[in-house]
Amino acid sequence: MEETYAECVIAARAELRAARQLLSAEISAYPTPISGCDAQFNHLLAERTRVTDALSQLDASIFVPTPRMPTPDSRIESR
């Protein structure tokens, strides 16, 4: 049986949440003290931000302009 689009999005959210949890656990377990130039730690922080941003984009509302609504604020036809 084929997966639907909605099932794929649900799976993507679950995988991204799992990745964020793993990254957070790795960050929490990182040995201290941490210097500001620690490339590995900074990479972990950047990856966690990327995963969080990806989750936000999956949940974001997307505006698609149409002739009836050319901008998000317009509620009337543009004719």
# chains A, B, ... in the order shown; residues from 1 in each chain; ligands from 1
>>> select_by_dssp(residues="chain A", states="alpha helix (DSSP H)", output="PyMOL selection string")
chain A and resi 5-28+39-59
>>> closest_residue(among="A:Met1, A:Met69, A:Leu22, A:Val9", to="A:Leu44", atoms="only C-alpha atoms")
A:Leu22
>>> residues_around(residues="stretch 51-57 of chain A", least_positions_apart="5", cutoff="7 Å", atoms="only C-alpha atoms", output="MDAnalysis selection string")
chainID A and resid 13 16 20
>>> atom_distance(atom1="atom CA of A:Ala18", atom2="atom CA of A:Arg48")
11.0 Å
>>> closest_residue(among="A:Thr49, A:Asn42, A:Cys37, A:Ala6", to="A:Gln21", atoms="only C-alpha atoms")
A:Thr49
>>> atom_distance(atom1="atom CA of A:Cys8", atom2="atom CA of A:Ile62")
17.9 Å
